[in-house]
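Asker: Contents of model_20.txt (compact mmCIF, C-alpha atoms):
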```txt
# COMPACT_ATOMS: atom_id res chain seq x y z
CA MET A 22 -31.55 14.52 9.77
CA ARG A 23 -28.73 15.89 11.78
CA THR A 24 -29.16 13.22 14.43
CA SER A 25 -29.22 10.37 11.96
CA ARG A 26 -26.13 11.68 10.28
CA THR A 27 -24.42 11.98 13.62
CA LYS A 28 -25.42 8.45 14.50
CA ALA A 29 -24.15 7.15 11.21
CA PHE A 30 -20.90 8.94 11.80
CA LEU A 31 -20.54 7.69 15.34
CA SER A 32 -21.23 4.14 14.36
CA SER A 33 -18.69 4.24 11.59
CA GLY A 34 -15.32 2.67 12.02
CA VAL A 35 -13.76 6.09 11.65
CA VAL A 36 -14.76 7.05 15.15
CA LEU A 37 -13.45 3.83 16.61
CA VAL A 38 -10.09 4.29 14.97
CA VAL A 39 -9.96 7.91 16.07
CA LEU A 40 -10.78 6.89 19.62
CA ILE A 41 -8.00 4.36 19.62
CA ALA A 42 -5.63 6.89 18.15
CA THR A 43 -6.50 9.47 20.77
CA ALA A 44 -6.33 7.03 23.61
CA GLY A 45 -3.13 5.39 22.52
CA LEU A 46 -1.35 8.65 22.09
CA ALA A 47 -2.44 10.34 25.24
CA ALA A 48 -1.33 7.25 27.10
CA ALA A 49 2.22 8.10 26.26
CA HIS A 50 2.09 11.08 28.57
CA HIS A 51 -0.69 10.54 31.09
CA SER A 52 -3.52 8.23 32.07
CA PHE A 53 -7.21 8.73 31.39
CA THR A 54 -8.21 8.90 35.02
CA ALA A 55 -9.44 12.46 34.73
CA PHE A 56 -11.87 11.59 31.95
CA ASN A 57 -14.91 9.39 31.73
CA MET A 58 -13.83 7.29 28.77
CA THR A 59 -17.17 5.52 28.46
CA ASP A 60 -19.23 8.71 28.22
CA GLU A 61 -19.46 11.15 25.35
CA LYS A 62 -20.92 14.64 25.42
CA SER A 63 -21.26 17.40 22.88
CA VAL A 64 -21.32 21.20 23.02
CA THR A 65 -21.49 23.97 20.45
CA GLY A 66 -19.75 27.27 21.02
CA VAL A 67 -17.24 29.84 19.89
CA VAL A 68 -13.50 29.36 20.21
CA ASN A 69 -12.18 31.61 22.97
CA ARG A 70 -8.56 30.62 22.62
CA VAL A 71 -6.31 27.97 21.12
CA GLU A 72 -3.26 26.91 23.11
CA TRP A 73 -1.08 25.32 20.44
CA THR A 74 1.32 23.85 22.95
CA ASN A 75 3.03 20.68 24.09
CA PRO A 76 2.44 18.20 25.53
CA HIS A 77 -1.18 18.80 24.49
CA ILE A 78 -3.16 21.44 22.70
CA TRP A 79 -5.95 23.00 24.71
CA ILE A 80 -8.98 24.48 22.99
CA TRP A 81 -11.10 26.86 25.10
CA ILE A 82 -14.67 27.33 23.93
CA ASP A 83 -17.32 29.77 25.14
CA VAL A 84 -20.62 27.93 25.30
CA PRO A 85 -23.67 30.22 25.21
CA ASP A 86 -26.08 27.47 26.27
CA ALA A 87 -24.09 27.01 29.48
CA LYS A 88 -24.59 30.62 30.59
CA GLY A 89 -21.42 31.66 28.87
CA ALA A 90 -19.16 29.15 30.59
CA THR A 91 -15.81 28.51 28.97
CA TYR A 92 -15.06 24.84 28.38
CA GLY A 93 -11.53 23.45 28.22
CA PHE A 94 -10.66 20.56 25.91
CA GLU A 95 -7.42 18.63 25.85
CA GLY A 96 -6.33 17.48 22.42
CA MET A 97 -3.29 15.83 20.91
CA SER A 98 0.11 17.46 20.58
CA PRO A 99 0.92 20.08 17.96
CA ASN A 100 3.70 17.81 16.70
CA PHE A 101 1.35 14.95 15.97
CA LEU A 102 -1.44 17.08 14.50
CA GLU A 103 0.69 19.28 12.25
CA ARG A 104 1.84 16.17 10.41
CA ARG A 105 -1.79 15.23 9.87
CA GLY A 106 -3.71 18.20 8.61
CA TRP A 107 -4.55 20.19 11.74
CA THR A 108 -2.23 23.17 12.09
CA ARG A 109 -1.89 26.15 14.43
CA THR A 110 -4.13 28.28 12.18
CA THR A 111 -6.83 25.71 11.33
CA LEU A 112 -8.99 26.67 14.31
CA LYS A 113 -8.97 30.29 15.49
CA ALA A 114 -10.56 32.40 18.19
CA GLY A 115 -14.05 33.38 17.03
CA ASP A 116 -14.65 30.20 15.02
CA LYS A 117 -17.91 28.39 15.74
CA ILE A 118 -17.50 24.69 16.42
CA THR A 119 -19.33 21.65 17.77
CA VAL A 120 -17.19 19.37 19.90
CA SER A 121 -17.82 15.85 21.11
CA TYR A 122 -15.69 14.88 24.08
CA ARG A 123 -15.01 12.54 26.99
CA PRO A 124 -16.22 14.57 29.95
CA LEU A 125 -14.14 15.28 33.03
CA ARG A 126 -14.99 12.91 35.86
CA ASP A 127 -15.21 15.76 38.36
CA GLY A 128 -18.05 17.33 36.38
CA LYS A 129 -16.17 20.49 35.47
CA ASN A 130 -16.64 22.05 32.05
CA GLY A 131 -14.54 20.25 29.49
CA GLY A 132 -12.80 17.01 28.76
CA MET A 133 -10.81 15.11 26.21
CA TRP A 134 -11.38 16.31 22.67
CA MET A 135 -12.82 13.62 20.43
CA THR A 136 -14.24 15.26 17.33
CA GLY A 137 -14.74 18.89 16.39
CA LYS A 138 -16.88 19.91 13.44
CA MET A 139 -16.22 23.37 12.04
CA GLU A 140 -18.79 25.43 10.14
CA THR A 141 -16.70 24.88 7.03
CA GLY A 142 -17.37 21.16 7.43
CA LYS A 143 -13.79 20.44 8.40
CA ILE A 144 -13.46 17.63 10.94
CA LEU A 145 -10.79 17.88 13.64
CA THR A 146 -9.93 14.81 15.71
CA GLY A 147 -7.11 13.30 17.73
CA GLY A 148 -5.97 11.83 14.45
CA GLY A 149 -5.68 15.22 12.72
CA GLY A 150 -7.84 17.30 10.41
CA ARG A 151 -9.73 16.39 7.28
CA ASP A 152 -12.45 17.83 5.09
CA GLY A 153 -15.93 16.71 6.05
CA GLN A 154 -18.44 15.19 3.63
CA MET B 29 70.75 -2.83 45.10
CA THR B 30 69.78 -2.12 48.67
CA SER B 31 66.43 -3.28 49.85
CA ALA B 32 65.33 0.34 50.20
CA LYS B 33 66.19 0.95 46.57
CA LYS B 34 64.36 -2.22 45.55
CA LEU B 35 61.31 -0.98 47.37
CA LEU B 36 61.57 2.36 45.61
CA VAL B 37 61.84 0.71 42.19
CA ALA B 38 58.87 -1.54 42.95
CA ALA B 39 56.80 1.44 44.09
CA ALA B 40 57.72 3.37 40.95
CA ALA B 41 56.79 0.41 38.80
CA ILE B 42 53.41 0.13 40.44
CA LEU B 43 52.85 3.85 40.00
CA ILE B 44 53.73 3.72 36.32
CA ALA B 45 51.55 0.67 35.74
CA THR B 46 48.63 2.34 37.45
CA ALA B 47 49.10 5.54 35.50
CA TRP B 48 49.40 3.60 32.24
CA SER B 49 46.25 1.60 32.80
CA SER B 50 44.25 4.72 33.70
CA TYR B 51 45.70 6.38 30.62
CA LEU B 52 44.54 3.46 28.49
CA ALA B 53 41.14 3.52 30.11
CA ALA B 54 40.84 7.23 29.44
CA GLN B 55 42.02 6.77 25.85
CA GLN B 56 39.12 4.38 25.27
CA ASN B 57 36.66 7.22 25.75
CA VAL B 58 38.32 9.82 23.55
CA MET B 59 36.41 10.87 20.46
CA LYS B 60 39.07 11.06 17.79
CA GLN B 61 38.94 13.58 14.98
CA PRO B 62 37.38 11.74 12.04
CA THR B 63 39.38 11.33 8.88
CA ALA B 64 37.96 11.57 5.38
CA ALA B 65 38.09 7.77 5.30
CA ASP B 66 36.02 7.61 8.51
CA TRP B 67 33.33 9.74 6.90
CA ALA B 68 33.50 7.74 3.66
CA ALA B 69 33.08 4.51 5.61
CA LEU B 70 29.66 5.69 6.80
CA ALA B 71 28.37 5.55 3.24
CA LYS B 72 28.87 1.80 3.27
CA LEU B 73 26.58 1.35 6.27
CA PRO B 74 22.82 0.78 5.94
CA ASP B 75 20.93 4.02 5.36
CA PHE B 76 19.30 4.96 8.66
CA THR B 77 18.97 8.60 7.58
CA GLY B 78 15.96 10.61 8.55
CA VAL B 79 12.93 10.53 10.77
CA TRP B 80 11.19 7.33 11.80
CA GLU B 81 7.96 6.64 13.63
CA ARG B 82 6.58 3.46 15.11
CA GLY B 83 4.13 1.50 13.01
CA GLY B 84 4.07 -0.85 10.08
CA ALA B 85 4.72 -4.53 10.54
CA ALA B 86 2.86 -6.39 13.25
CA PRO B 87 5.19 -6.60 16.24
CA ARG B 88 5.41 -9.40 18.76
CA GLY B 89 6.70 -9.93 22.26
CA ASN B 90 7.26 -13.17 24.14
CA GLY B 91 4.14 -15.27 24.00
CA GLY B 92 2.98 -13.74 20.75
CA GLN B 93 1.42 -10.64 22.28
CA ALA B 94 1.33 -7.44 20.31
CA ALA B 95 4.21 -5.48 21.69
CA ASN B 96 3.44 -2.02 20.37
CA ALA B 97 -0.08 -2.12 19.16
CA GLY B 98 -0.61 1.52 20.03
CA ALA B 99 1.38 3.00 17.23
CA PRO B 100 -0.21 1.18 14.35
CA ALA B 101 -3.59 2.18 15.72
CA ALA B 102 -2.43 5.75 15.94
CA ARG B 103 -1.25 5.69 12.39
CA GLY B 104 -4.50 4.24 11.21
CA GLY B 105 -6.49 6.96 12.90
CA ALA B 106 -4.15 9.60 11.69
CA ALA B 107 -4.58 8.83 8.02
CA PRO B 108 -1.43 10.76 7.22
CA ARG B 109 0.11 11.19 3.80
CA GLY B 110 1.00 7.91 2.28
CA GLY B 111 -2.22 6.31 3.48
CA ALA B 112 -0.77 3.90 6.00
CA ALA B 113 -3.24 1.15 6.65
CA PRO B 114 -4.22 0.55 10.26
CA ALA B 115 -2.32 -2.57 11.24
CA ALA B 116 -3.80 -5.49 13.05
CA GLY B 117 -3.19 -5.18 16.73
CA ALA B 118 -5.11 -1.98 17.27
CA ALA B 119 -7.75 -3.67 19.34
CA PRO B 120 -5.68 -4.60 22.39
CA ARG B 121 -4.59 -1.01 22.85
CA GLY B 122 -8.11 0.28 22.48
CA ALA B 123 -9.08 -1.68 25.56
CA ALA B 124 -6.65 0.19 27.72
CA PRO B 125 -8.64 3.40 28.31
CA ALA B 126 -11.70 1.43 29.31
CA ALA B 127 -9.62 -0.26 31.96
CA GLY B 128 -8.82 3.22 33.16
CA ALA B 129 -5.38 2.39 34.46
CA GLN B 130 -1.85 2.81 33.30
CA ALA B 131 1.08 0.73 34.39
CA GLY B 132 3.24 3.55 35.59
CA ASN B 133 6.04 4.83 33.43
CA ALA B 134 6.77 1.26 32.56
CA ALA B 135 8.27 0.11 29.34
CA PRO B 136 5.29 0.35 27.01
CA ALA B 137 6.55 -2.57 24.96
CA ALA B 138 6.68 -4.73 28.02
CA GLN B 139 3.59 -3.19 29.45
CA ARG B 140 1.60 -3.80 26.33
CA GLY B 141 2.80 -7.29 25.74
CA GLY B 142 0.33 -9.58 27.46
CA GLY B 143 -2.75 -7.48 27.97
CA GLY B 144 -1.04 -4.40 29.33
CA ARG B 145 0.27 -6.02 32.47
CA GLY B 146 3.76 -7.09 31.53
CA GLY B 147 2.56 -10.52 30.53
CA GLY B 148 5.19 -12.69 28.92
CA MET B 149 7.73 -11.15 31.24
CA GLN B 150 8.82 -13.83 33.71
CA LEU B 151 9.66 -12.31 37.06
CA ASN B 152 11.46 -13.72 40.07
CA PRO B 153 9.09 -14.20 43.02
CA GLU B 154 10.21 -11.06 44.85
CA TYR B 155 9.53 -8.94 41.77
CA GLU B 156 6.34 -10.81 40.91
CA ALA B 157 5.17 -9.73 44.36
CA LYS B 158 6.09 -6.14 43.57
CA ARG B 159 4.09 -6.32 40.36
CA ARG B 160 1.06 -7.77 42.14
CA ALA B 161 1.26 -5.19 44.90
CA TYR B 162 1.36 -2.46 42.29
CA GLN B 163 -1.61 -3.89 40.44
CA ALA B 164 -3.59 -4.20 43.63
CA SER B 165 -3.31 -0.48 44.34
CA ALA B 166 -2.18 1.06 41.09
CA PRO B 167 -1.72 4.82 41.19
CA GLU B 168 -4.02 6.88 38.98
CA ASP B 169 -1.08 8.03 36.92
CA SER B 170 2.67 7.87 36.57
CA ASP B 171 5.44 10.45 36.75
CA THR B 172 5.33 10.97 33.00
CA ALA B 173 2.20 13.03 33.73
CA ASN B 174 4.61 15.43 35.47
CA CYS B 175 6.79 15.38 32.34
CA LEU B 176 9.41 13.00 33.76
CA PRO B 177 10.67 11.05 30.73
CA PRO B 178 10.18 7.29 30.96
CA GLY B 179 13.77 6.34 30.14
CA MET B 180 14.59 2.95 28.63
CA PRO B 181 13.03 0.93 27.24
CA GLY B 182 9.79 2.93 27.23
CA ILE B 183 11.27 5.92 25.43
CA MET B 184 11.70 3.76 22.34
CA THR B 185 7.97 3.05 22.09
CA GLN B 186 6.53 6.55 22.21
CA PRO B 187 4.02 7.68 19.59
CA TYR B 188 6.47 10.29 18.32
CA PRO B 189 9.23 10.02 15.76
CA MET B 190 12.98 9.73 16.23
CA GLU B 191 15.93 10.55 14.03
CA PHE B 192 19.10 8.49 13.59
CA LEU B 193 22.38 10.33 13.12
CA LEU B 194 25.41 8.29 12.07
CA THR B 195 28.77 9.96 12.58
CA PRO B 196 32.22 8.38 12.87
CA GLY B 197 32.34 6.44 16.12
CA LYS B 198 28.81 7.22 17.19
CA VAL B 199 25.11 6.72 16.55
CA THR B 200 22.88 9.40 18.02
CA ILE B 201 19.14 8.91 18.33
CA VAL B 202 17.22 12.15 18.61
CA ILE B 203 13.87 11.35 20.17
CA GLU B 204 11.05 13.85 19.80
CA ALA B 205 9.09 12.71 22.87
CA TYR B 206 10.26 14.65 25.92
CA THR B 207 13.16 16.03 23.79
CA GLN B 208 15.47 13.12 24.50
CA VAL B 209 18.79 12.00 23.05
CA ARG B 210 20.48 8.59 23.16
CA HIS B 211 24.24 8.40 22.71
CA ILE B 212 25.53 5.11 21.32
CA TYR B 213 29.30 4.85 20.90
CA THR B 214 30.46 2.70 18.02
CA ASP B 215 34.17 3.51 18.33
CA GLY B 216 35.00 0.20 19.96
CA ARG B 217 34.98 1.36 23.55
CA LYS B 218 33.86 -1.10 26.18
CA LEU B 219 30.90 -0.81 28.49
CA PRO B 220 31.84 0.51 31.94
CA GLN B 221 32.35 -2.05 34.71
CA ASP B 222 30.58 0.04 37.33
CA PRO B 223 28.29 2.43 35.48
CA ASP B 224 26.34 5.20 37.14
CA PRO B 225 22.61 4.45 36.98
CA LYS B 226 20.97 6.36 34.11
CA PHE B 227 17.53 6.57 32.53
CA PHE B 228 19.01 5.31 29.25
CA GLY B 229 21.88 3.39 30.77
CA THR B 230 25.27 3.60 29.06
CA SER B 231 25.34 2.31 25.48
CA VAL B 232 27.86 1.00 22.99
CA GLY B 233 27.09 -0.30 19.52
CA ARG B 234 28.67 -2.38 16.79
CA TRP B 235 27.71 -3.42 13.28
CA GLU B 236 27.09 -7.09 12.67
CA GLY B 237 26.69 -7.06 8.91
CA ASP B 238 23.70 -4.80 8.25
CA THR B 239 22.49 -4.91 11.85
CA LEU B 240 23.34 -2.28 14.43
CA VAL B 241 23.67 -4.10 17.75
CA VAL B 242 23.41 -1.85 20.79
CA GLU B 243 24.21 -2.99 24.31
CA SER B 244 23.23 -0.90 27.31
CA VAL B 245 23.91 -1.33 31.03
CA GLY B 246 23.46 0.70 34.21
CA PHE B 247 19.84 1.76 34.53
CA SER B 248 18.20 4.13 36.96
CA PRO B 249 15.90 2.61 39.60
CA SER B 250 13.41 5.25 38.41
CA ILE B 251 12.65 3.36 35.21
CA ARG B 252 10.21 0.45 35.07
CA LEU B 253 10.29 -2.88 33.23
CA THR B 254 6.57 -3.09 33.82
CA GLY B 255 4.20 -1.50 36.34
CA GLY B 256 5.80 -1.51 39.79
CA VAL B 257 8.92 -3.37 38.67
CA PRO B 258 12.26 -1.49 38.69
CA PRO B 259 15.43 -2.92 37.12
CA SER B 260 18.33 -4.23 39.14
CA ASP B 261 21.84 -2.92 38.56
CA LYS B 262 22.42 -6.12 36.56
CA MET B 263 19.91 -5.29 33.86
CA ARG B 264 21.22 -5.34 30.31
CA ILE B 265 19.38 -4.38 27.12
CA VAL B 266 20.45 -5.54 23.68
CA GLU B 267 18.77 -3.90 20.70
CA ARG B 268 19.19 -5.04 17.12
CA PHE B 269 18.31 -2.39 14.50
CA ARG B 270 17.98 -3.57 10.92
CA LEU B 271 16.37 -2.31 7.71
CA ALA B 272 13.57 -4.72 6.86
CA ASP B 273 13.03 -2.91 3.58
CA PRO B 274 14.07 0.55 2.37
CA ASP B 275 11.70 2.46 4.63
CA ASN B 276 11.02 0.00 7.46
CA MET B 277 13.36 -0.69 10.33
CA SER B 278 12.88 -3.60 12.69
CA ILE B 279 14.06 -3.40 16.28
CA GLU B 280 14.43 -6.52 18.37
CA THR B 281 14.90 -5.70 22.03
CA THR B 282 16.04 -8.25 24.58
CA ILE B 283 16.11 -7.43 28.27
CA THR B 284 18.07 -9.64 30.64
CA ASP B 285 18.24 -9.16 34.38
CA PRO B 286 19.36 -12.10 36.53
CA VAL B 287 17.91 -10.46 39.63
CA VAL B 288 14.48 -9.47 38.30
CA LEU B 289 13.77 -11.83 35.39
CA THR B 290 13.86 -15.61 35.25
CA ALA B 291 14.27 -15.53 31.45
CA PRO B 292 15.29 -12.96 28.85
CA TYR B 293 12.39 -10.84 27.65
CA THR B 294 12.31 -10.09 23.94
CA THR B 295 10.02 -7.77 21.99
CA SER B 296 10.01 -6.66 18.38
CA SER B 297 8.80 -3.42 16.91
CA ASN B 298 8.90 -1.61 13.63
CA LEU B 299 9.72 1.92 12.61
CA ARG B 300 8.57 3.48 9.36
CA ARG B 301 10.65 6.19 7.69
CA HIS B 302 9.08 9.54 6.81
CA ARG B 303 11.63 11.26 4.63
CA GLU B 304 9.61 14.47 4.45
CA TRP B 305 9.34 14.89 8.22
CA THR B 306 11.57 16.79 10.59
CA ILE B 307 11.84 16.34 14.34
CA ALA B 308 9.65 18.91 16.11
CA GLU B 309 10.13 20.59 19.46
CA TYR B 310 8.50 18.87 22.44
CA ILE B 311 8.89 20.85 25.62
CA CYS B 312 6.64 18.91 27.95
CA GLU B 313 6.73 21.64 30.59
CA GLU B 314 5.48 24.24 28.10
CA ASN B 315 1.82 23.85 29.02
CA ASN B 316 1.45 20.64 30.98
CA ARG B 317 -1.93 20.72 32.67
CA ASN B 318 -1.72 17.10 33.82
CA SER B 319 -0.12 16.05 37.07
CA VAL B 320 0.22 13.27 39.58
CA ASP B 321 0.98 13.79 43.25
CA SER B 322 3.19 11.73 45.56
CA THR B 323 0.24 9.49 46.49
CA GLY B 324 -0.39 8.66 42.83
CA LYS B 325 -3.51 10.80 42.51
CA ALA B 326 -3.93 12.39 39.09
CA GLY B 327 -4.86 16.03 38.61
CA ILE B 328 -5.73 18.35 35.77
CA ASP B 329 -5.36 22.15 35.72
CA LEU B 330 -8.31 23.93 34.12
CA THR B 331 -7.17 27.48 34.68
CA LEU B 332 -8.32 29.51 31.69
CA PRO B 333 -5.22 31.08 30.14
CA GLY B 334 -4.84 34.72 31.08
CA THR B 335 -6.84 34.35 34.28
CA ASN B 336 -6.13 33.14 37.79
CA SER B 337 -9.31 31.25 38.32
CA PRO B 338 -9.90 27.63 37.50
CA LYS B 339 -13.03 27.16 35.47
```
Would you give me this structure, written as structure tokens?
Answerer:
Amino acid sequence: MRTSRTKAFLSSGVVLVVLIATAGLAAAHHSFTAFNMTDEKSVTGVVNRVEWTNPHIWIWIDVPDAKGATYGFEGMSPNFLERRGWTRTTLKAGDKITVSYRPLRDGKNGGMWMTGKMETGKILTGGGGRDGQ
Amino acid sequence: MTSAKKLLVAAAAILIATAWSSYLAAQQNVMKQPTAADWAALAKLPDFTGVWERGGAAPRGNGGQAANAGAPAARGGAAPRGGAAPAAGAAPRGAAPAAGAQAGNAAPAAQRGGGGRGGGMQLNPEYEAKRRAYQASAPEDSDTANCLPPGMPGIMTQPYPMEFLLTPGKVTIVIEAYTQVRHIYTDGRKLPQDPDPKFFGTSVGRWEGDTLVVESVGFSPSIRLTGGVPPSDKMRIVERFRLADPDNMSIETTITDPVVLTAPYTTSSNLRRHREWTIAEYICEENNRNSVDSTGKAGIDLTLPGTNSPK
């Protein structure tokens, strides 16, 4: 059930548009060399810390399945997101979240944030935040 | 009059003439105190008030390439208030990450026109060679990864908004990306003959009917027309800003450079007004974990905040 829903979501145009949004915006500041833009991974964990900073937000997530490793995810800028439904207080330390991301090429823990799904159902992407279905 | 006296008079005349011409030159660059009439005159100009972000109408560069496809795509993905529809032209930009390369801190408009490689921009052979050499061994990233602003014309195509301030004798563009400001004098002063090289050049503007025409000269060799291609000191940029409808502004940008380009390079883009927005702070150095070294190799800092150890 969960898998089919995920597949349906991934195959939807929404993801494509979000990808383009994320890619296009990050390009303004840096290239994608550090990330494998053709791969996508997913982890579930608990938010350790939110860095609500320019030029990018960084979300740090403790992942129990990875022996407690803390993953780092680069997202959009606060400026961009706050205009689009993802604010400084949307995601807080202690929140449980599942993140899909473009992994770091060097194999370290983390990558470029694609889509985060909160327990409340809220969806957080490079394009902002919105209520899930 | 003795010849010595004649000499003295001639010398004095030259001195006075020199002083007068430097006085006139200096007067040109004096911001005068505005009168009530000067302020009132602003109300007759087109309304550029407020905060604008790229997106909206489909833009074109030379050769019919999408000049700023990134922004419409961004807007589409963002689904912000107002429900802006994703514009056509998203697809070309989406291909960029797959290619995995970025054309330096080049002018995105130019860079994006023609498949992200400055296509449509006709270069003299020497500069065409520079572009090819760059493409053959493109660095992993550009200096913007180190928070160096791109300068003109790239700063005008960032995925962040800008605000136009019209005051007597001046148009100021406050640009959110990299916290930048452009100063455009509309008080009738002339462009400098021998300008210092600057990231934004030196700009003057005038109103031709409802169009603000901005001319800029004197650009830093640090900026890029496209990947690997710096401007010469002869580069000139003319921008024409015009309200296409109440909340859309079109910008036509023409770059000429007799040293670098064999033909003028023109792109068009569109800004959409967001009256409810304000310009936000963007201190790139606040928490920049991206970097590029002198060899062009990109890096990323994964040090968990509050610790000394990279994860």
Asker: Pick from A:Gly132, A:Gly106, A:Pro99, A:Gly66: nearest to Phe53 of chain A, with only C-alpha atoms counted?
Answerer: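 Of the candidates, the smallest distance to Phe53 of chain A is held by A:Gly132.
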Asker: Have a look at B:Lys198, B:Lys262, B:Arg270, B:His302 and name the one nearest to Asp222 of chain B; count all atoms listed in the file.
Answerer: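 Smallest separation from Asp222 of chain B among the options: B:Lys262.
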Asker: Of the candidates A:Val67, A:Tyr92, A:Thr54, A:Asp86, which one gets nearest to Asn130 of chain A if we count only C-alpha atoms?
Answerer: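 Smallest separation from Asn130 of chain A among the options: A:Tyr92.
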Asker: Env of Val120 of chain A: 8 Å cut, atoms = all atoms listed in the file, seq-sep filter 3 positions within chain, self excluded. Answer as an MDAnalysis selection string.
Answerer: chainID A and resid 63:65 134:138
Asker: When you look at Cys175 of chain B with a cut-off of 7 Å (counting all atoms listed in the file), what residues show up, excluding the ones that are within fewer than 2 positions of it in the same chain? I need them as an NGL selection string.
Answerer: :B and (171-173 or 177 or 312-313)
Asker: From the options B:Ala40, B:Ile183, B:Met277, B:Val245, which residue's atoms come nearest to chain A, counting all atoms listed in the file?
Answerer: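 Distance minimum relative to chain A lands on B:Ile183.
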